[in-house]
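Structure file model.txt (compact mmCIF, C-alpha atoms (C1' of nucleotides)) follows.
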# COMPACT_ATOMS: atom_id res chain seq x y z
CA MET I 1380 -0.59 -10.16 -9.37
CA ASN I 1381 0.38 -13.65 -10.51
CA ASP I 1382 -1.92 -16.21 -8.88
CA ASP I 1383 0.24 -19.09 -10.07
CA LEU I 1384 3.02 -18.16 -7.69
CA THR I 1385 3.15 -19.41 -4.13
CA ALA I 1386 2.24 -16.93 -1.43
CA ARG I 1387 5.88 -16.75 -0.41
CA ALA I 1388 6.95 -15.81 -3.93
CA ARG I 1389 4.16 -13.26 -4.22
CA ILE I 1390 5.25 -11.65 -0.96
CA ARG I 1391 8.84 -11.50 -2.17
CA ASP I 1392 7.84 -9.95 -5.50
CA ALA I 1393 5.56 -7.44 -3.79
CA ALA I 1394 8.36 -6.53 -1.38
CA ILE I 1395 10.84 -5.96 -4.23
CA LYS I 1396 8.28 -3.79 -6.00
CA LEU I 1397 7.36 -1.63 -2.99
CA PHE I 1398 10.92 -1.46 -1.63
CA THR I 1399 12.01 -0.16 -5.04
CA GLU I 1400 9.21 2.38 -5.29
CA ARG I 1401 9.24 3.69 -1.71
CA GLY I 1402 12.54 2.59 -0.21
CA ILE I 1403 12.97 0.07 2.59
CA GLU I 1404 11.63 2.32 5.34
CA GLY I 1405 8.85 3.69 3.19
CA ALA I 1406 7.27 0.30 2.47
CA SER I 1407 5.50 -1.20 5.47
CA ILE I 1408 4.90 -4.90 6.02
CA ARG I 1409 1.17 -4.25 5.92
CA ASP I 1410 1.47 -2.56 2.51
CA ILE I 1411 3.54 -5.44 1.19
CA ALA I 1412 1.00 -7.96 2.51
CA THR I 1413 -1.88 -6.09 0.86
CA GLU I 1414 0.05 -5.89 -2.43
CA ALA I 1415 0.66 -9.64 -2.27
CA GLY I 1416 -2.95 -10.36 -1.28
CA VAL I 1417 -2.15 -11.98 2.07
CA SER I 1418 -2.29 -11.05 5.73
CA SER I 1419 0.57 -9.19 7.36
CA GLY I 1420 1.06 -12.10 9.75
CA LEU I 1421 1.93 -14.38 6.84
CA VAL I 1422 4.81 -12.13 5.86
CA ARG I 1423 6.18 -12.59 9.34
CA HIS I 1424 5.46 -16.31 9.24
CA HIS I 1425 7.49 -16.81 6.06
CA PHE I 1426 10.33 -14.37 6.59
CA GLY I 1427 10.50 -13.76 10.35
CA SER I 1428 11.21 -10.03 10.29
CA LYS I 1429 11.31 -7.08 7.92
CA GLU I 1430 15.10 -7.16 7.86
CA ALA I 1431 15.07 -10.87 7.01
CA LEU I 1432 12.53 -10.23 4.24
CA ARG I 1433 14.78 -7.56 2.82
CA ALA I 1434 17.79 -9.90 3.00
CA ALA I 1435 15.80 -12.56 1.16
CA CYS I 1436 14.93 -10.02 -1.55
CA ASP I 1437 18.59 -9.02 -1.81
CA THR I 1438 19.92 -12.53 -2.35
CA TYR I 1439 17.07 -13.42 -4.67
CA ALA I 1440 17.68 -10.37 -6.86
CA ARG I 1441 21.42 -10.96 -6.87
CA ASP I 1442 21.15 -14.65 -7.76
CA ARG I 1443 18.56 -13.94 -10.43
CA MET I 1444 20.87 -11.32 -11.94
CA PHE I 1445 23.68 -13.87 -12.04
CA GLU I 1446 21.41 -16.36 -13.78
CA LEU I 1447 20.38 -13.77 -16.35
CA SER I 1448 23.92 -12.68 -17.16
CA ARG I 1449 24.99 -16.32 -17.39
CA GLU I 1450 22.20 -16.96 -19.90
CA LEU I 1451 23.22 -13.85 -21.83
CA ILE I 1452 26.84 -14.97 -22.04
CA ASP I 1453 25.80 -18.45 -23.13
CA GLU I 1454 23.65 -16.97 -25.88
CA GLN I 1455 25.93 -14.27 -27.24
CA GLY I 1456 29.37 -15.38 -26.16
CA LEU I 1457 31.50 -13.53 -23.64
CA GLU I 1458 33.17 -11.19 -26.11
CA ASN I 1459 29.99 -10.04 -27.80
CA VAL I 1460 28.06 -9.03 -24.68
CA ASN I 1461 27.34 -5.36 -24.71
CA VAL I 1462 28.95 -3.98 -21.57
CA GLY I 1463 27.14 -0.68 -21.78
CA THR I 1464 23.62 -1.93 -22.28
CA VAL I 1465 21.11 -3.44 -19.95
CA GLN I 1466 18.60 -6.20 -20.16
CA PRO I 1467 14.91 -5.31 -20.00
CA VAL I 1468 14.29 -8.35 -17.81
CA ALA I 1469 17.04 -7.43 -15.38
CA PHE I 1470 15.97 -3.79 -15.17
CA PRO I 1471 13.62 -4.05 -12.16
CA LEU I 1472 16.00 -6.34 -10.30
CA GLN I 1473 18.92 -4.01 -10.88
CA THR I 1474 16.80 -1.05 -9.82
CA TYR I 1475 15.86 -2.83 -6.62
CA LEU I 1476 19.46 -3.73 -5.85
CA VAL I 1477 20.64 -0.15 -6.27
CA ARG I 1478 17.85 1.14 -4.06
CA SER I 1479 18.64 -1.49 -1.44
CA MET I 1480 22.31 -0.55 -1.68
CA MET I 1481 21.45 3.06 -0.95
CA ASP I 1482 19.48 1.94 2.07
CA GLY I 1483 22.44 0.11 3.54
CA SER I 1484 22.32 -3.42 2.11
CA GLU I 1485 25.59 -5.31 2.57
CA THR I 1486 24.67 -7.85 -0.08
CA ALA I 1487 24.11 -5.12 -2.65
CA SER I 1488 27.26 -3.25 -1.61
CA ALA I 1489 29.29 -6.42 -1.99
CA LEU I 1490 27.84 -6.80 -5.48
CA PHE I 1491 28.96 -3.26 -6.29
CA LEU I 1492 32.52 -3.99 -5.16
CA GLN I 1493 32.53 -7.20 -7.18
CA THR I 1494 31.40 -5.30 -10.27
CA VAL I 1495 34.12 -2.69 -9.74
CA GLU I 1496 36.77 -5.41 -9.45
CA TYR I 1497 35.56 -7.14 -12.57
CA GLY I 1498 35.52 -3.83 -14.46
CA GLU I 1499 39.03 -3.08 -13.27
CA GLU I 1500 40.36 -6.30 -14.75
CA TRP I 1501 38.37 -5.74 -17.91
CA ALA I 1502 39.85 -2.27 -18.30
CA LYS I 1503 43.42 -3.56 -17.83
CA THR I 1504 43.02 -6.25 -20.47
CA HIS I 1505 41.08 -4.19 -23.01
CA GLY I 1506 43.35 -1.22 -23.52
CA VAL I 1507 41.51 1.37 -21.46
CA VAL I 1508 43.60 4.53 -21.18
CA THR I 1509 44.04 5.58 -17.53
CA ASP I 1510 46.65 5.37 -14.81
CA ASP I 1511 44.05 4.62 -12.10
CA PHE I 1512 42.12 1.56 -13.25
CA ARG I 1513 40.42 1.24 -9.88
CA ALA I 1514 38.96 4.76 -9.96
CA TRP I 1515 38.09 4.40 -13.64
CA SER I 1516 36.07 1.25 -12.98
CA ALA I 1517 34.45 2.57 -9.79
CA VAL I 1518 33.30 5.79 -11.44
CA ILE I 1519 32.01 4.11 -14.57
CA THR I 1520 30.15 1.55 -12.45
CA ALA I 1521 28.54 4.27 -10.34
CA MET I 1522 27.64 6.20 -13.48
CA LYS I 1523 25.93 3.23 -15.08
CA LEU I 1524 23.96 2.49 -11.94
CA GLY I 1525 22.89 6.14 -11.79
CA VAL I 1526 20.56 5.41 -14.68
CA TYR I 1527 18.67 2.93 -12.51
CA VAL I 1528 18.46 5.22 -9.52
CA LEU I 1529 17.14 8.11 -11.56
CA ARG I 1530 14.91 6.00 -13.73
CA GLU I 1531 11.85 8.06 -12.81
CA GLN I 1532 13.50 11.36 -13.75
CA LEU I 1533 14.91 9.82 -16.90
CA GLU I 1534 11.44 8.73 -17.98
CA LEU I 1535 10.17 12.21 -17.28
CA ALA I 1536 12.90 13.75 -19.43
CA LEU I 1537 12.42 11.27 -22.27
CA GLY I 1538 8.65 11.30 -22.06
CA GLU I 1539 8.32 7.53 -22.19
CA ASP I 1540 8.60 4.34 -20.18
CA LEU I 1541 12.07 2.82 -20.08
CA ALA I 1542 10.56 -0.65 -19.99
CA SER I 1543 8.99 -0.02 -23.40
CA THR I 1544 10.85 -1.17 -26.50
CA SER I 1545 11.18 2.39 -27.70
CA GLY I 1546 12.50 3.79 -24.43
CA TYR I 1547 14.88 0.90 -23.98
CA THR I 1548 16.25 1.36 -27.48
CA ARG I 1549 16.80 5.09 -26.93
CA LEU I 1550 18.63 4.31 -23.70
CA ASN I 1551 20.93 1.80 -25.37
CA ARG I 1552 21.67 4.06 -28.32
CA ALA I 1553 22.50 6.92 -25.99
CA PHE I 1554 24.93 4.62 -24.17
CA VAL I 1555 26.54 3.66 -27.45
CA ASP I 1556 26.81 7.30 -28.57
CA ILE I 1557 28.33 8.37 -25.26
CA PHE I 1558 30.87 5.57 -25.09
CA SER I 1559 31.92 5.58 -28.74
CA HIS I 1560 32.89 9.26 -29.05
CA PRO I 1561 35.24 11.21 -26.77
CA LEU I 1562 33.62 14.20 -25.09
CA LEU I 1563 36.85 16.02 -24.39
CA THR I 1564 39.66 16.88 -26.81
CA PRO I 1565 43.21 15.85 -25.84
CA GLU I 1566 44.05 19.49 -25.08
CA GLN I 1567 41.00 19.91 -22.85
CA ALA I 1568 41.85 16.69 -21.04
CA LYS I 1569 45.43 17.81 -20.54
CA ASN I 1570 44.32 21.12 -19.08
CA LEU I 1571 41.81 19.51 -16.75
CA ARG I 1572 44.39 17.08 -15.49
CA LYS I 1573 46.79 19.89 -14.67
CA ASP I 1574 44.26 22.10 -12.90
CA HIS I 1575 43.33 19.68 -10.18
CA MET Y 1083 27.78 22.31 15.10
CA ASN Y 1084 28.34 25.96 14.24
CA ASP Y 1085 27.20 28.13 17.14
CA ASP Y 1086 27.48 31.30 15.08
CA LEU Y 1087 24.52 30.35 12.94
CA THR Y 1088 20.97 31.18 13.94
CA ALA Y 1089 18.85 28.33 15.23
CA ARG Y 1090 16.88 28.38 11.99
CA ALA Y 1091 20.02 27.93 9.92
CA ARG Y 1092 21.30 25.21 12.21
CA ILE Y 1093 18.01 23.31 11.86
CA ARG Y 1094 18.18 23.64 8.07
CA ASP Y 1095 21.79 22.39 7.95
CA ALA Y 1096 21.00 19.51 10.31
CA ALA Y 1097 17.99 18.58 8.15
CA ILE Y 1098 20.06 18.56 4.97
CA LYS Y 1099 22.66 16.39 6.67
CA LEU Y 1100 20.23 13.84 8.10
CA PHE Y 1101 17.93 13.83 5.06
CA THR Y 1102 21.00 13.03 2.94
CA GLU Y 1103 22.24 10.30 5.26
CA ARG Y 1104 18.94 8.59 6.04
CA GLY Y 1105 16.47 9.79 3.42
CA ILE Y 1106 13.47 12.01 4.05
CA GLU Y 1107 11.40 9.35 5.80
CA GLY Y 1108 14.35 8.00 7.74
CA ALA Y 1109 15.19 11.28 9.45
CA SER Y 1110 12.67 12.27 12.13
CA ILE Y 1111 12.00 15.82 13.27
CA ARG Y 1112 13.19 14.84 16.73
CA ASP Y 1113 16.51 13.59 15.34
CA ILE Y 1114 16.96 16.79 13.34
CA ALA Y 1115 16.19 18.91 16.40
CA THR Y 1116 18.72 16.98 18.50
CA GLU Y 1117 21.35 17.32 15.75
CA ALA Y 1118 20.73 21.08 15.66
CA GLY Y 1119 20.73 21.35 19.45
CA VAL Y 1120 17.14 22.64 19.77
CA SER Y 1121 13.76 21.29 20.79
CA SER Y 1122 11.57 19.52 18.27
CA GLY Y 1123 8.91 22.18 18.78
CA LEU Y 1124 11.24 24.85 17.43
CA VAL Y 1125 11.56 22.99 14.16
CA ARG Y 1126 7.80 23.18 13.82
CA HIS Y 1127 7.78 26.80 14.92
CA HIS Y 1128 10.22 27.83 12.21
CA PHE Y 1129 9.14 25.62 9.34
CA GLY Y 1130 5.56 24.59 10.08
CA SER Y 1131 5.74 20.97 8.98
CA LYS Y 1132 8.22 18.34 7.91
CA GLU Y 1133 7.22 18.74 4.28
CA ALA Y 1134 7.73 22.51 4.50
CA LEU Y 1135 11.13 21.97 6.11
CA ARG Y 1136 12.07 19.69 3.26
CA ALA Y 1137 10.86 22.25 0.72
CA ALA Y 1138 12.96 24.92 2.43
CA CYS Y 1139 16.00 22.65 2.24
CA ASP Y 1140 15.29 21.98 -1.44
CA THR Y 1141 15.15 25.63 -2.45
CA TYR Y 1142 18.11 26.54 -0.25
CA ALA Y 1143 20.28 23.80 -1.78
CA ARG Y 1144 19.18 24.74 -5.29
CA ASP Y 1145 19.79 28.46 -4.85
CA ARG Y 1146 23.14 27.83 -3.19
CA MET Y 1147 24.14 25.63 -6.10
CA PHE Y 1148 23.22 28.40 -8.53
CA GLU Y 1149 25.33 30.87 -6.57
CA LEU Y 1150 28.28 28.51 -6.58
CA SER Y 1151 28.13 27.83 -10.31
CA ARG Y 1152 27.74 31.55 -10.96
CA GLU Y 1153 30.88 32.23 -8.95
CA LEU Y 1154 32.69 29.45 -10.82
CA ILE Y 1155 31.73 30.89 -14.21
CA ASP Y 1156 32.77 34.39 -13.13
CA GLU Y 1157 36.14 33.05 -12.04
CA GLN Y 1158 36.99 30.73 -14.90
CA GLY Y 1159 34.87 31.98 -17.78
CA LEU Y 1160 31.99 30.04 -19.28
CA GLU Y 1161 34.03 28.14 -21.83
CA ASN Y 1162 36.68 26.93 -19.41
CA VAL Y 1163 34.36 25.43 -16.81
CA ASN Y 1164 34.92 21.73 -16.55
CA VAL Y 1165 31.57 20.12 -17.34
CA GLY Y 1166 32.64 16.74 -16.03
CA THR Y 1167 34.05 17.76 -12.68
CA VAL Y 1168 32.42 18.75 -9.45
CA GLN Y 1169 33.10 21.30 -6.80
CA PRO Y 1170 34.06 20.07 -3.34
CA VAL Y 1171 31.87 22.78 -1.78
CA ALA Y 1172 28.87 21.83 -3.85
CA PHE Y 1173 29.28 18.12 -3.19
CA PRO Y 1174 27.03 17.79 -0.09
CA LEU Y 1175 24.39 20.08 -1.60
CA GLN Y 1176 24.32 18.10 -4.83
CA THR Y 1177 24.15 14.85 -2.85
CA TYR Y 1178 21.20 16.17 -0.87
CA LEU Y 1179 19.39 17.28 -4.01
CA VAL Y 1180 19.75 13.91 -5.66
CA ARG Y 1181 18.55 12.14 -2.54
CA SER Y 1182 15.61 14.51 -2.26
CA MET Y 1183 14.87 13.93 -5.94
CA MET Y 1184 14.74 10.19 -5.33
CA ASP Y 1185 12.29 10.76 -2.51
CA GLY Y 1186 9.91 12.68 -4.73
CA SER Y 1187 10.99 16.33 -4.59
CA GLU Y 1188 9.46 18.41 -7.36
CA THR Y 1189 12.03 21.16 -6.92
CA ALA Y 1190 14.88 18.71 -7.41
CA SER Y 1191 13.16 17.00 -10.32
CA ALA Y 1192 12.65 20.36 -12.01
CA LEU Y 1193 16.37 21.01 -11.56
CA PHE Y 1194 17.13 17.69 -13.25
CA LEU Y 1195 14.96 18.58 -16.23
CA GLN Y 1196 16.62 21.99 -16.44
CA THR Y 1197 20.05 20.38 -16.44
CA VAL Y 1198 18.99 17.97 -19.18
CA GLU Y 1199 17.70 20.82 -21.32
CA TYR Y 1200 20.88 22.81 -20.85
CA GLY Y 1201 22.98 19.75 -21.70
CA GLU Y 1202 20.88 19.15 -24.80
CA GLU Y 1203 21.64 22.65 -26.11
CA TRP Y 1204 25.29 22.28 -25.16
CA ALA Y 1205 25.52 19.00 -27.07
CA LYS Y 1206 23.92 20.53 -30.19
CA THR Y 1207 26.33 23.46 -30.27
CA HIS Y 1208 29.48 21.56 -29.36
CA GLY Y 1209 29.57 18.86 -32.00
CA VAL Y 1210 28.36 15.91 -29.97
CA VAL Y 1211 27.76 12.92 -32.24
CA THR Y 1212 24.25 11.51 -31.76
CA ASP Y 1213 20.88 11.61 -33.46
CA ASP Y 1214 18.99 11.82 -30.15
CA PHE Y 1215 20.39 14.81 -28.25
CA ARG Y 1216 17.65 14.60 -25.66
CA ALA Y 1217 18.45 11.01 -24.71
CA TRP Y 1218 22.17 11.71 -24.85
CA SER Y 1219 21.84 14.59 -22.39
CA ALA Y 1220 19.40 12.78 -20.11
CA VAL Y 1221 21.57 9.69 -19.83
CA ILE Y 1222 24.79 11.62 -19.29
CA THR Y 1223 23.08 13.74 -16.63
CA ALA Y 1224 21.76 10.67 -14.82
CA MET Y 1225 25.18 9.06 -15.05
CA LYS Y 1226 26.96 12.03 -13.53
CA LEU Y 1227 24.46 12.24 -10.68
CA GLY Y 1228 24.93 8.53 -10.03
CA VAL Y 1229 28.30 9.37 -8.56
CA TYR Y 1230 26.59 11.43 -5.86
CA VAL Y 1231 23.99 8.82 -5.05
CA LEU Y 1232 26.55 6.06 -4.72
CA ARG Y 1233 29.11 8.18 -2.94
CA GLU Y 1234 29.27 5.76 -0.01
CA GLN Y 1235 29.95 2.74 -2.24
CA LEU Y 1236 32.43 4.75 -4.28
CA GLU Y 1237 34.37 5.64 -1.15
CA LEU Y 1238 34.36 1.99 -0.13
CA ALA Y 1239 35.74 0.97 -3.53
CA LEU Y 1240 38.39 3.70 -3.59
CA GLY Y 1241 39.29 3.31 0.06
CA GLU Y 1242 39.20 7.02 0.78
CA ASP Y 1243 36.95 9.99 1.47
CA LEU Y 1244 35.71 11.79 -1.65
CA ALA Y 1245 35.79 15.08 0.23
CA SER Y 1246 39.55 14.70 0.70
CA THR Y 1247 41.86 16.36 -1.82
CA SER Y 1248 43.20 12.99 -2.88
CA GLY Y 1249 39.81 11.36 -3.38
CA TYR Y 1250 38.44 14.38 -5.19
CA THR Y 1251 41.42 14.42 -7.54
CA ARG Y 1252 41.06 10.71 -8.34
CA LEU Y 1253 37.38 11.29 -9.09
CA ASN Y 1254 38.09 14.15 -11.46
CA ARG Y 1255 40.89 12.32 -13.26
CA ALA Y 1256 38.66 9.29 -13.72
CA PHE Y 1257 36.03 11.59 -15.26
CA VAL Y 1258 38.62 13.04 -17.62
CA ASP Y 1259 39.91 9.59 -18.61
CA ILE Y 1260 36.41 8.27 -19.25
CA PHE Y 1261 35.29 11.26 -21.30
CA SER Y 1262 38.46 11.76 -23.32
CA HIS Y 1263 38.76 8.22 -24.74
CA PRO Y 1264 36.09 6.22 -26.58
CA LEU Y 1265 35.21 2.92 -24.91
CA LEU Y 1266 33.76 1.33 -28.00
CA THR Y 1267 35.32 0.97 -31.44
CA PRO Y 1268 33.30 2.20 -34.46
CA GLU Y 1269 32.62 -1.43 -35.46
CA GLN Y 1270 31.40 -2.35 -31.99
CA ALA Y 1271 29.18 0.72 -31.91
CA LYS Y 1272 27.76 -0.16 -35.32
CA ASN Y 1273 26.96 -3.71 -34.23
CA LEU Y 1274 25.33 -2.59 -31.00
CA ARG Y 1275 23.18 -0.10 -32.84
CA LYS Y 1276 21.94 -2.77 -35.21
CA ASP Y 1277 21.17 -5.39 -32.55
CA HIS Y 1278 18.65 -3.39 -30.64
C1' DT Q 1400 -7.58 -42.22 12.52
C1' DA Q 1401 -4.90 -39.56 15.59
C1' DG Q 1402 -1.35 -36.35 15.62
C1' DA Q 1403 2.15 -33.35 13.74
C1' DC Q 1404 2.90 -29.49 11.03
C1' DA Q 1405 3.08 -25.86 7.66
C1' DG Q 1406 0.16 -22.15 5.78
C1' DC Q 1407 -2.44 -18.58 7.19
C1' DT Q 1408 -5.42 -15.02 9.88
C1' DA Q 1409 -6.89 -11.96 13.74
C1' DC Q 1410 -5.70 -9.14 17.19
C1' DA Q 1411 -3.12 -6.85 20.74
C1' DC Q 1412 1.49 -4.75 22.45
C1' DG Q 1413 4.85 -1.00 22.99
C1' DA Q 1414 7.53 2.30 20.42
C1' DT Q 1415 7.93 6.09 17.43
C1' DC Q 1416 6.20 9.12 14.24
C1' DG Q 1417 4.17 14.01 12.76
C1' DT Q 1418 1.43 17.21 14.69
C1' DG Q 1419 -1.30 20.11 18.03
C1' DT Q 1420 -1.64 23.02 22.30
C1' DA Q 1421 -0.23 25.67 26.07
C1' DG Q 1422 2.98 28.30 28.20
C1' DT Q 1423 7.74 30.59 29.40
C1' DC Q 1424 11.02 34.07 28.40
C1' DA Q 1425 13.45 38.10 26.63
C1' DA Q 1426 13.46 42.13 23.64
C1' DG Q 1427 11.22 45.93 21.61
C1' DT Q 1428 7.35 49.55 21.39
C1' DC Q 1429 4.07 52.88 22.97
C1' DG T 1423 5.49 50.10 33.09
C1' DA T 1424 1.86 47.59 30.44
C1' DC T 1425 1.60 45.28 25.95
C1' DT T 1426 3.04 42.86 21.83
C1' DT T 1427 5.74 39.74 19.48
C1' DG T 1428 8.84 36.15 18.16
C1' DA T 1429 12.05 32.48 19.78
C1' DC T 1430 11.71 28.58 22.27
C1' DT T 1431 10.24 24.39 25.39
C1' DA T 1432 7.23 20.79 27.46
C1' DC T 1433 3.82 17.73 26.87
C1' DA T 1434 -0.12 15.29 25.08
C1' DC T 1435 -2.80 13.44 20.89
C1' DG T 1436 -3.92 9.97 17.40
C1' DA T 1437 -1.92 7.24 13.71
C1' DT T 1438 1.19 3.88 12.12
C1' DC T 1439 4.97 1.09 12.57
C1' DG T 1440 7.39 -3.73 13.56
C1' DT T 1441 6.58 -7.37 16.33
C1' DG T 1442 4.38 -10.90 19.49
C1' DT T 1443 0.73 -14.39 20.56
C1' DA T 1444 -3.02 -17.33 19.96
C1' DG T 1445 -5.72 -20.02 17.17
C1' DC T 1446 -7.82 -21.81 12.89
C1' DT T 1447 -7.26 -24.59 8.69
C1' DG T 1448 -5.92 -28.38 5.43
C1' DT T 1449 -2.55 -32.07 4.32
C1' DC T 1450 0.47 -35.63 5.17
C1' DT T 1451 2.15 -39.53 7.76
C1' DA T 1452 2.84 -43.24 11.23
Please re-express this file's structure in structure tokens.
Amino acid sequence: MNDDLTARARIRDAAIKLFTERGIEGASIRDIATEAGVSSGLVRHHFGSKEALRAACDTYARDRMFELSRELIDEQGLENVNVGTVQPVAFPLQTYLVRSMMDGSETASALFLQTVEYGEEWAKTHGVVTDDFRAWSAVITAMKLGVYVLREQLELALGEDLASTSGYTRLNRAFVDIFSHPLLTPEQAKNLRKDH
Amino acid sequence: MNDDLTARARIRDAAIKLFTERGIEGASIRDIATEAGVSSGLVRHHFGSKEALRAACDTYARDRMFELSRELIDEQGLENVNVGTVQPVAFPLQTYLVRSMMDGSETASALFLQTVEYGEEWAKTHGVVTDDFRAWSAVITAMKLGVYVLREQLELALGEDLASTSGYTRLNRAFVDIFSHPLLTPEQAKNLRKDH
DNA sequence: TAGACAGCTACACGATCGTGTAGTCAAGTC
DNA sequence: GACTTGACTACACGATCGTGTAGCTGTCTA
């Protein structure tokens, strides 16, 4: 726990942590208060209700993600940003957002749609081969987010923490390998397209 | 509701449906009983506890998935089975298993590991380009399952039901497009591998 | 210095949860 | 025809949940 943070910030961080680990329903206000080192009444005092606390976490995570990607673009330049990789700093925030999305967050769902629309434009202007850019972007977005949802299983399969340098590097290299070599031959693709 | 099924089967189907929609914690025994058209006591009578009911759903979904893939292989032959596509029949079962996995199911997690191991062997014997077959398989498995987890968001982005013929076809074609064309050029891949 | 006010705690409330217990009912067995 | 057994319901239990209320602090300001 970071004692430098205000109680409000500590509650918000504790909520994001427990919501991510146990889901929205699975994390009680009392648990969050204990994790933050405050009374459960203070959670209510600062955020009003559990739903409002969750909404505050949603917008905080979203805005923080925007800040981080903005910083990344400023550092590396728009064209050099690795679209397939993820930032270690953004990992927990992204994980929270996906979990919140699954539990019915409108803020997180809106972010998903926004990402799909951005990916659709990117695909059109970067020579992606498909005749359904919308579906292409939606599926690839869902696939990338799947890594966050199944983080626990992924760590089990790899035998190491994804937040570690080693695990993070393996993850990124796997992304690069997957997206730089075709998995299906043209004949296989042709057959699969006909069958369905 | 299917009146032909025994009460036990109806409870199990209702549990899989509600567990998938609301998560394990979010679906109460009373809700499941109402959905199945029985009393809540009968759920306990047949399955003993909520955890045991969930375990029964896990093994049922897993075994049913094995049956379905066995039938698919018998029909099409092992080499012709589309590794990227999904079966409409298996869709709800797979969705349940992923949800259950997220909520801490050991049965579902074991299935994930098994899938990763199978994919690892497949990659080694089918000329996949990578020096970390384990990570390659784990990431691609997580990515494919992401589509199930984010089914709701995917349907929102595509504007149609994924269980419909049209939605299912768009999904499969997007898979084929993504896996039959490289997203990164060799130079880009080389740069990304160096950076991290 | 009196008063307003935000930060914070303690405690009680109704609702809902999983679970436990008792009992009804119909079908099968001897 | 008495007895057993499994499917099934009704109801009560303790625990936990989100929420409501009252009151205690310290700080700032008019």
Which residues of chain I come within 9 Å of chain T, and for each one, what is the closest pair of atoms and their distance in Å to one decimal, counting all atoms listed in the file, sorted by chain and residue number, as JSON lines?
{"residue": "I:Ser1407", "atom": "CA", "partner": "T:DC1439", "partner_atom": "C1'", "distance": 7.5}
{"residue": "I:Ile1408", "atom": "CA", "partner": "T:DG1440", "partner_atom": "C1'", "distance": 8.0}
{"residue": "I:Arg1423", "atom": "CA", "partner": "T:DT1441", "partner_atom": "C1'", "distance": 8.7}
{"residue": "I:Ser1428", "atom": "CA", "partner": "T:DG1440", "partner_atom": "C1'", "distance": 8.1}
{"residue": "I:Lys1429", "atom": "CA", "partner": "T:DG1440", "partner_atom": "C1'", "distance": 7.6}
### Task
May I have the residues of chain Q within 9 Å of chain I, counting only C-alpha atoms (C1' of nucleotides), written as an MDAnalysis selection string?
chainID Q and resid 1406:1409
### Query
What residues in chain Y lie within 8 Å of chain I, counting only C-alpha atoms, written as a ChimeraX atom specification?
/Y:1104,1107-1108,1164,1184-1185,1191,1194-1195,1198,1210-1212,1214,1216-1218,1220-1222,1224-1229,1231-1232,1235-1236,1239-1240,1251-1268,1271,1274-1275,1278
## Note on the structure
What separates CA of Arg1433 (chain I) and CA of Ala1406 (chain I) is a distance of 10.9 Å
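Taking CA of Arg1441 (chain I) and CA of Leu1472 (chain I) as endpoints, the distance between them is 7.9 Å.
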